[in-house]
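Written below as structure tokens is the structure these notes are about.
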2 protein chains.
Amino acid sequence: MTRAHETSVTRDGPPAAVGMAIEEVDTPALLVDLDALEYNLARMAGAVAAAGLRFRPHAKTHKCAEIALRQVALGASGICCQKVSEAEAMVGGGVRDVLVSNEIVDPRKLSRLAALASRVMLSVCADDAGAVDALNAAAAEHGLVIRVLVEIDAGGDRCGVDPGEPALRLAGHIASSAHLRFGGLQAYQGRAQHIRVASERAGAARAAASAAGRTRDLLARHGIACEQITGGGTGTWAQDAASGVYTELQAGSYIFMDADYRANRTADGGEYGEFRQSLFIYTQVMSAPGRHYVVLDAGLKAVAVDEGMPVVDGLPGIPYVRPSDEHGMLDVRANAGALRLGEKLRLIPAHCDPTVNLHDWLVAVRGDRVEAVWPVVARGVGR
Amino acid sequence: MTRAHETSVTRDGPPAAVGMAIEEVDTPALLVDLDALEYNLARMAGAVAAAGLRFRPHAKTHKCAEIALRQVALGASGICCQKVSEAEAMVGGGVRDVLVSNEIVDPRKLSRLAALASRVMLSVCADDAGAVDALNAAAAEHGLVIRVLVEIDAGGDRCGVDPGEPALRLAGHIASSAHLRFGGLQAYQGRAQHIRVASERAGAARAAASAAGRTRDLLARHGIACEQITGGGTGTWAQDAASGVYTELQAGSYIFMDADYRANRTADGGEYGEFRQSLFIYTQVMSAPGRHYVVLDAGLKAVAVDEGMPVVDGLPGIPYVRPSDEHGMLDVRANAGALRLGEKLRLIPAHCDPTVNLHDWLVAVRGDRVEAVWPVVARGVGR
């Protein structure tokens, strides 16, 4: 870096101050309802503990050390991260046990990962023998032993070796690496989480658990024990907990929820309402030109639309119909007088994780008051 | 803010250092090819100057003071921003003339806008008489006069009063406000920019210019002069420049380009190749499990997909078929041996603006070397 401004820069200031009334919060802002958040945190922690399992919630959802520390305080054995830099940010925020539930192959990233493993309990996944060798070399350079899980493709068609023999070969390779320790199986089925019909969702979860269980048994016959079988998500956690296979759950979105998860159906066809909606985008009507729509100040840069449009909280008849970079269009034909220029309202995002990643601050409200403002310390920290 | 960590926080460190070979850049990272950027900057600046018009490029595309200052150095009279905080960040980076090409209605935002107007040349748009009164009050409190443009709906169906009489009434209201000065018309037709067929795109641009011209003439008949008529974008700038109506152009995406703009057709049906692709996401193959796909480390948190999937630069037969939060799936069936685990490659984003807004740093490369690393100072600065 040769120029002064090429060093680190400070983020935008917070949109709220502690004690403010919610109406004073600047828009657009990311809000979390603390009553709903605490309900969700306690409910999942209690359910996983009651099942006798370990809990390692995924921090990619919140990217916020404050929430990670609350999860640990409620019994989580640690957290999951997807990236080395995300893990660094969470460790910087006080977390002491991180599983990077993802493959890391770049030599520089592996070196940073090993450096982090010298400070806290750090585990990582692998699905390639060459990457395992590179990780072993990085661990050797730092004079330590790193715990490595074999990721199996549990039906999500993404990363991971095939269950069975390929997993056995890679587990053996890890176990025979001087600076690595085989830590078990990563068996997350991402696709299953969002299957709408409960029986089909449960079927995909059963198939994932079955693949993991068969692999565990194969490894056992070859003298390799799986310390943990970790996976599960907000859509399938109950089946995963009851599977008899998973020893650790990784659900993340349960803390916030979103319109996409809420579109999952329960076994009796009802809405998936086990967890409360705690995450919102606070936004303002910034143009009301007297046509069939009003314009919000929250568009593509404030709310993710990859899983569909956000939903206006409490006004189901007024759809968010079109985003542009900085604007969101609400169709008000069904209720033309409902929204005035300058009015503030809350949106429920369709997809919580990428929405959170757009914001530097999380405004924590209780009732109509701001109780805390938390930095999203790992926002954009994705390397 | 009552807790230590609730003050401002530092962003993630840069993914590259000046002088690095491009292969050493950490992934995912936002890259700009300087040769292509400089070509685009010079070409548009020259064309707008040759047309005898003013140029006020939109900074919402790059959110980067380094690029704004280059645009000004090449003759731009200032820049456009969409948000007050975005304007503050750009002024902090050295820009001295900003048009907030958007409506601002919140009293706190208006107060910040007026404070900024006391430091630099600051203009803003309006489409509501009540908002004009609030702006006048904020300007009065700061003891200054703020330049205000009337935004007309030029066919984009978003913000803006209707052309003609409604614009006349609002312009008169501004002109009679003690602390405001009527600055002309904002007539940006956002929808026209992405119409694929050249004749239809030109038709929408003509309609926008015509609405602005008729409104200008109506105002003139009532003794109100339009100092500027400003608008235009990367898709319609040539028609806008030739319209005889616009006095100032606002194109922004021309500096970077994206797959969506490139899908526009020229009059002879060809690709819209007037500007070069300068913006890329640098990414790495982080899993290659031997199936019909490989997995990149760039997903929804590294590249915007609201206008479609990104395109792999130089490998047209390998489509990016599915993003998840931190992963991108490439279908490699057409060329199974083309990509190895650990290989780095470049993606062309479908939509440049929201993609840039995901990244804290812009890595400026010339050939295969990193020449500069620029902070995206207004990333996430959207209030």
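In the structure tokens, chains take the letters A, B, ... in the order shown, each chain's residues start at 1, and ligands count up from 1 in the order shown.
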
Once you count only C-alpha atoms, which residues of chain B turn out to be within 8 Å of chain A? Could you give them as a ChimeraX atom specification?
/B:1-2,5-14,17-18,26-28,82,103-106,108,127-128,158-161,286-289,295,300-302,305-306,325-326,329,341-342,353-354,357-360,372-375,377-378,380-383

Long-range neighbours of Val311 (chain A) as a PyMOL selection string, 12 Å cut-off, only C-alpha atoms, 2 positions minimum in chain
chain A and resi 258-260+262-263+277+279-282+303-305+307-309+313-322+328-331+345-351

For the residues in the current selection, export N, CA, C and O atoms as a compact mmCIF listing (two decimals), in the first residue's frame.
# COMPACT_ATOMS: atom_id res chain seq x y z
N ASP A 258 -36.84 -15.51 7.90
CA ASP A 258 -37.07 -14.67 6.71
C ASP A 258 -38.28 -15.21 5.97
O ASP A 258 -38.84 -16.26 6.33
N ALA A 259 -38.70 -14.47 4.95
CA ALA A 259 -39.92 -14.85 4.22
C ALA A 259 -39.74 -16.18 3.51
O ALA A 259 -40.71 -16.95 3.35
N ASP A 260 -38.52 -16.49 3.11
CA ASP A 260 -38.28 -17.75 2.42
C ASP A 260 -38.44 -18.94 3.38
O ASP A 260 -39.14 -19.91 3.07
N ARG A 262 -40.12 -18.91 6.08
CA ARG A 262 -41.51 -18.91 6.53
C ARG A 262 -42.43 -19.56 5.49
O ARG A 262 -43.54 -20.01 5.83
N ALA A 263 -41.98 -19.61 4.24
CA ALA A 263 -42.79 -20.26 3.20
C ALA A 263 -42.72 -21.78 3.27
O ALA A 263 -43.51 -22.47 2.62
N GLN A 277 -40.19 -13.95 13.62
CA GLN A 277 -39.46 -13.03 12.74
C GLN A 277 -38.83 -11.94 13.61
O GLN A 277 -39.54 -11.17 14.25
N LEU A 279 -35.87 -10.13 12.34
CA LEU A 279 -35.06 -9.26 11.48
C LEU A 279 -35.94 -8.44 10.54
O LEU A 279 -36.83 -8.99 9.89
N PHE A 280 -35.65 -7.17 10.46
CA PHE A 280 -36.42 -6.27 9.60
C PHE A 280 -35.49 -5.24 8.96
O PHE A 280 -34.41 -4.95 9.48
N ILE A 281 -35.95 -4.70 7.85
CA ILE A 281 -35.32 -3.51 7.27
C ILE A 281 -36.24 -2.34 7.60
O ILE A 281 -37.43 -2.37 7.25
N TYR A 282 -35.70 -1.36 8.26
CA TYR A 282 -36.49 -0.16 8.56
C TYR A 282 -36.30 0.79 7.38
O TYR A 282 -35.17 1.04 6.93
N VAL A 303 -31.63 -4.58 0.78
CA VAL A 303 -32.32 -5.85 1.04
C VAL A 303 -32.05 -6.79 -0.14
O VAL A 303 -32.14 -6.40 -1.29
N ALA A 304 -31.69 -8.03 0.19
CA ALA A 304 -31.39 -9.02 -0.85
C ALA A 304 -32.68 -9.54 -1.47
O ALA A 304 -33.66 -9.78 -0.75
N VAL A 305 -32.68 -9.72 -2.79
CA VAL A 305 -33.89 -10.18 -3.48
C VAL A 305 -33.68 -11.51 -4.20
O VAL A 305 -34.52 -11.92 -5.00
N GLU A 307 -34.05 -14.44 -3.23
CA GLU A 307 -35.12 -15.40 -2.94
C GLU A 307 -36.50 -14.76 -3.06
O GLU A 307 -37.49 -15.29 -2.54
N GLY A 308 -36.56 -13.62 -3.70
CA GLY A 308 -37.84 -12.96 -3.88
C GLY A 308 -37.88 -11.60 -3.20
O GLY A 308 -36.91 -11.15 -2.60
N MET A 309 -39.02 -10.96 -3.33
CA MET A 309 -39.18 -9.62 -2.80
C MET A 309 -39.39 -9.65 -1.29
O MET A 309 -39.94 -10.61 -0.75
N ASP A 313 -44.12 -5.57 6.63
CA ASP A 313 -44.60 -6.09 7.90
C ASP A 313 -45.92 -5.43 8.27
O ASP A 313 -46.01 -4.20 8.35
N GLY A 314 -46.96 -6.23 8.48
CA GLY A 314 -48.25 -5.71 8.94
C GLY A 314 -49.14 -5.14 7.86
O GLY A 314 -50.24 -4.69 8.16
N LEU A 315 -48.69 -5.13 6.61
CA LEU A 315 -49.51 -4.60 5.52
C LEU A 315 -49.51 -5.61 4.36
O LEU A 315 -48.94 -5.35 3.30
N PRO A 316 -50.14 -6.77 4.57
CA PRO A 316 -50.05 -7.84 3.56
C PRO A 316 -50.65 -7.45 2.21
O PRO A 316 -50.30 -8.04 1.20
N GLY A 317 -51.53 -6.47 2.18
CA GLY A 317 -52.15 -6.09 0.91
C GLY A 317 -51.32 -5.15 0.07
O GLY A 317 -51.74 -4.74 -1.01
N ILE A 318 -50.15 -4.78 0.57
CA ILE A 318 -49.32 -3.83 -0.16
C ILE A 318 -48.01 -4.51 -0.53
O ILE A 318 -47.07 -4.55 0.25
N PRO A 319 -47.93 -5.05 -1.74
CA PRO A 319 -46.72 -5.78 -2.12
C PRO A 319 -45.56 -4.87 -2.54
O PRO A 319 -45.77 -3.80 -3.11
N TYR A 320 -44.37 -5.33 -2.21
CA TYR A 320 -43.13 -4.71 -2.70
C TYR A 320 -42.92 -5.33 -4.08
O TYR A 320 -42.65 -6.51 -4.20
N VAL A 321 -43.09 -4.54 -5.12
CA VAL A 321 -43.16 -5.13 -6.46
C VAL A 321 -41.90 -4.97 -7.30
O VAL A 321 -41.68 -5.73 -8.24
N ARG A 322 -41.06 -3.98 -6.97
CA ARG A 322 -39.91 -3.78 -7.85
C ARG A 322 -38.80 -3.06 -7.09
O ARG A 322 -39.04 -2.00 -6.53
N GLY A 328 -37.36 1.13 -3.61
CA GLY A 328 -38.27 -0.01 -3.60
C GLY A 328 -39.68 0.48 -3.86
O GLY A 328 -40.14 1.42 -3.23
N MET A 329 -40.36 -0.17 -4.80
CA MET A 329 -41.69 0.27 -5.20
C MET A 329 -42.75 -0.59 -4.50
O MET A 329 -42.74 -1.81 -4.63
N LEU A 330 -43.67 0.07 -3.80
CA LEU A 330 -44.81 -0.62 -3.20
C LEU A 330 -46.05 -0.32 -4.02
O LEU A 330 -46.36 0.85 -4.28
N ASP A 331 -46.77 -1.35 -4.39
CA ASP A 331 -48.04 -1.18 -5.10
C ASP A 331 -49.12 -0.91 -4.06
O ASP A 331 -49.46 -1.79 -3.26
N LEU A 345 -41.61 2.28 7.87
CA LEU A 345 -42.21 0.96 8.03
C LEU A 345 -41.12 -0.10 8.01
O LEU A 345 -39.96 0.20 7.76
N ARG A 346 -41.54 -1.35 8.29
CA ARG A 346 -40.58 -2.44 8.38
C ARG A 346 -40.81 -3.45 7.27
O ARG A 346 -41.95 -3.85 6.99
N LEU A 347 -39.73 -3.89 6.66
CA LEU A 347 -39.78 -4.95 5.66
C LEU A 347 -39.23 -6.24 6.27
O LEU A 347 -38.25 -6.20 7.02
N ILE A 348 -39.85 -7.36 5.92
CA ILE A 348 -39.30 -8.68 6.24
C ILE A 348 -38.53 -9.15 5.02
O ILE A 348 -39.10 -9.30 3.94
N PRO A 349 -37.21 -9.36 5.15
CA PRO A 349 -36.45 -9.78 3.96
C PRO A 349 -36.79 -11.21 3.56
O PRO A 349 -37.13 -12.04 4.41
N ALA A 350 -36.68 -11.49 2.26
CA ALA A 350 -36.91 -12.85 1.77
C ALA A 350 -35.76 -13.77 2.18
O ALA A 350 -35.96 -14.96 2.37
N HIS A 351 -34.56 -13.22 2.31
CA HIS A 351 -33.37 -14.05 2.58
C HIS A 351 -32.49 -13.28 3.56
O HIS A 351 -31.91 -12.25 3.21

Taking 4 positions as the minimum chain separation for residues in the same chain, which residues sit within 9 Å of Val365 (chain A) when counting only C-alpha atoms? Answer as a ChimeraX atom specification.
/A:21-22,31-35,369-373

Can you tell me, as a compact mmCIF listing (two decimals) with N, CA, C and O atoms, in the first residue's frame, what residues are no more than 10 Å from region 203-207 of chain A when counting only C-alpha atoms, ignoring any on the same chain fewer than 2 positions away?
# COMPACT_ATOMS: atom_id res chain seq x y z
N ALA A 154 -24.13 -34.46 1.06
CA ALA A 154 -25.28 -35.09 1.69
C ALA A 154 -26.55 -34.91 0.87
O ALA A 154 -27.66 -35.00 1.40
N GLY A 155 -26.38 -34.60 -0.42
CA GLY A 155 -27.54 -34.43 -1.29
C GLY A 155 -27.75 -33.01 -1.76
O GLY A 155 -28.65 -32.73 -2.53
N GLY A 156 -26.88 -32.10 -1.31
CA GLY A 156 -27.02 -30.69 -1.67
C GLY A 156 -26.37 -30.34 -2.99
O GLY A 156 -26.53 -29.24 -3.49
N TYR A 188 -23.88 -31.25 5.77
CA TYR A 188 -24.93 -30.23 5.69
C TYR A 188 -25.66 -30.37 4.35
O TYR A 188 -25.01 -30.37 3.30
N GLN A 189 -26.98 -30.46 4.41
CA GLN A 189 -27.78 -30.56 3.19
C GLN A 189 -28.51 -29.23 3.00
O GLN A 189 -29.63 -29.04 3.48
N GLY A 190 -27.86 -28.32 2.28
CA GLY A 190 -28.41 -26.98 2.14
C GLY A 190 -29.72 -26.93 1.39
O GLY A 190 -30.64 -26.18 1.75
N ARG A 191 -29.83 -27.74 0.36
CA ARG A 191 -31.05 -27.72 -0.46
C ARG A 191 -32.27 -28.16 0.33
O ARG A 191 -33.38 -27.69 0.09
N ALA A 192 -32.07 -29.10 1.25
CA ALA A 192 -33.22 -29.63 1.99
C ALA A 192 -33.91 -28.56 2.82
O ALA A 192 -35.12 -28.63 3.06
N GLN A 193 -33.17 -27.56 3.23
CA GLN A 193 -33.71 -26.56 4.16
C GLN A 193 -34.93 -25.85 3.61
O GLN A 193 -35.80 -25.41 4.36
N ILE A 195 -37.08 -26.93 1.06
CA ILE A 195 -38.13 -27.71 0.41
C ILE A 195 -39.45 -27.41 1.13
O ILE A 195 -39.54 -27.53 2.35
N VAL A 197 -42.68 -28.70 1.03
CA VAL A 197 -43.55 -29.75 1.58
C VAL A 197 -42.81 -30.49 2.69
O VAL A 197 -41.69 -30.98 2.48
N ALA A 198 -43.45 -30.57 3.86
CA ALA A 198 -42.77 -31.10 5.05
C ALA A 198 -42.27 -32.52 4.84
O ALA A 198 -41.15 -32.86 5.25
N SER A 199 -43.08 -33.36 4.20
CA SER A 199 -42.67 -34.76 4.06
C SER A 199 -41.47 -34.88 3.12
O SER A 199 -40.58 -35.69 3.34
N GLU A 200 -41.45 -34.06 2.09
CA GLU A 200 -40.30 -34.09 1.17
C GLU A 200 -39.05 -33.54 1.84
O GLU A 200 -37.94 -34.03 1.64
N ARG A 201 -39.24 -32.49 2.63
CA ARG A 201 -38.11 -31.90 3.36
C ARG A 201 -37.54 -32.93 4.34
O ARG A 201 -36.32 -33.13 4.42
N ALA A 209 -28.92 -37.84 6.56
CA ALA A 209 -28.50 -38.51 7.80
C ALA A 209 -28.10 -39.95 7.51
O ALA A 209 -27.12 -40.47 8.06
N SER A 210 -28.84 -40.58 6.60
CA SER A 210 -28.54 -41.97 6.25
C SER A 210 -27.16 -42.08 5.59
O SER A 210 -26.37 -42.97 5.91
N ALA A 211 -26.88 -41.16 4.66
CA ALA A 211 -25.57 -41.16 4.00
C ALA A 211 -24.46 -40.94 5.01
O ALA A 211 -23.40 -41.59 4.96
N ALA A 212 -24.69 -40.03 5.95
CA ALA A 212 -23.68 -39.76 6.98
C ALA A 212 -23.52 -40.97 7.90
O ALA A 212 -22.39 -41.36 8.26
N GLY A 213 -24.64 -41.60 8.25
CA GLY A 213 -24.59 -42.76 9.14
C GLY A 213 -23.87 -43.93 8.51
O GLY A 213 -23.04 -44.60 9.15
N GLY A 232 -27.12 -29.94 9.55
CA GLY A 232 -28.47 -29.50 9.94
C GLY A 232 -28.64 -28.01 9.78
O GLY A 232 -27.68 -27.24 9.85
N GLY A 233 -29.89 -27.64 9.54
CA GLY A 233 -30.19 -26.22 9.35
C GLY A 233 -31.56 -25.89 9.93
O GLY A 233 -32.23 -26.76 10.51
N GLY A 235 -34.35 -25.38 8.54
CA GLY A 235 -35.49 -26.06 7.93
C GLY A 235 -35.65 -27.51 8.36
O GLY A 235 -36.75 -28.06 8.30
N THR A 236 -34.56 -28.15 8.77
CA THR A 236 -34.60 -29.59 9.04
C THR A 236 -34.11 -29.95 10.43
O THR A 236 -33.95 -31.13 10.74
N TRP A 237 -33.87 -28.97 11.29
CA TRP A 237 -33.17 -29.25 12.54
C TRP A 237 -33.86 -30.31 13.40
O TRP A 237 -33.19 -31.13 14.05
N ALA A 238 -35.20 -30.32 13.39
CA ALA A 238 -35.91 -31.27 14.27
C ALA A 238 -35.67 -32.71 13.79
O ALA A 238 -35.40 -33.60 14.60
N GLN A 239 -35.76 -32.93 12.46
CA GLN A 239 -35.45 -34.26 11.92
C GLN A 239 -33.99 -34.61 12.15
O GLN A 239 -33.65 -35.75 12.48
N ASP A 240 -33.10 -33.64 11.95
CA ASP A 240 -31.67 -33.89 12.15
C ASP A 240 -31.41 -34.28 13.60
O ASP A 240 -30.63 -35.21 13.87
N ALA A 242 -33.42 -35.70 15.63
CA ALA A 242 -34.01 -37.00 15.95
C ALA A 242 -33.39 -38.14 15.15
O ALA A 242 -33.79 -39.30 15.29
N SER A 243 -32.41 -37.82 14.30
CA SER A 243 -31.90 -38.82 13.36
C SER A 243 -31.09 -39.92 14.01
O SER A 243 -30.93 -41.01 13.46
N VAL A 245 -28.04 -39.75 14.13
CA VAL A 245 -26.76 -39.69 13.41
C VAL A 245 -26.00 -38.41 13.76
O VAL A 245 -24.83 -38.47 14.17

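Residues of region 105-221 of chain B carrying a DSSP assignment of strand (DSSP E), computed from the backbone, are Met121, Leu122, Ser123, Val124, Cys125, Ala126, Ile146, Arg147, Val148, Leu149, Val150, Glu151, Leu180, Arg181, Phe182, Gly183, Gly184, Leu185 and Gln186 of chain B.
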
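One distance worth recording is that between CA of Arg56 (chain A) and CA of Met44 (chain A), which is 11.2 Å.
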
May I have the residues within 12 Å of Leu219 (chain A) as a ChimeraX atom specification, using only C-alpha atoms and disregarding those fewer than 5 positions away in the same chain?
/A:150,163-172,175,182,184-185,212-214,224-227

Provide the CA of Gly78 (chain B) to CA of Ser118 (chain B) distance in Å, to one decimal place.
16.3 Å

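A straight line drawn from CA of Arg196 (chain A) to CA of Thr266 (chain A) is 8.5 Å long.
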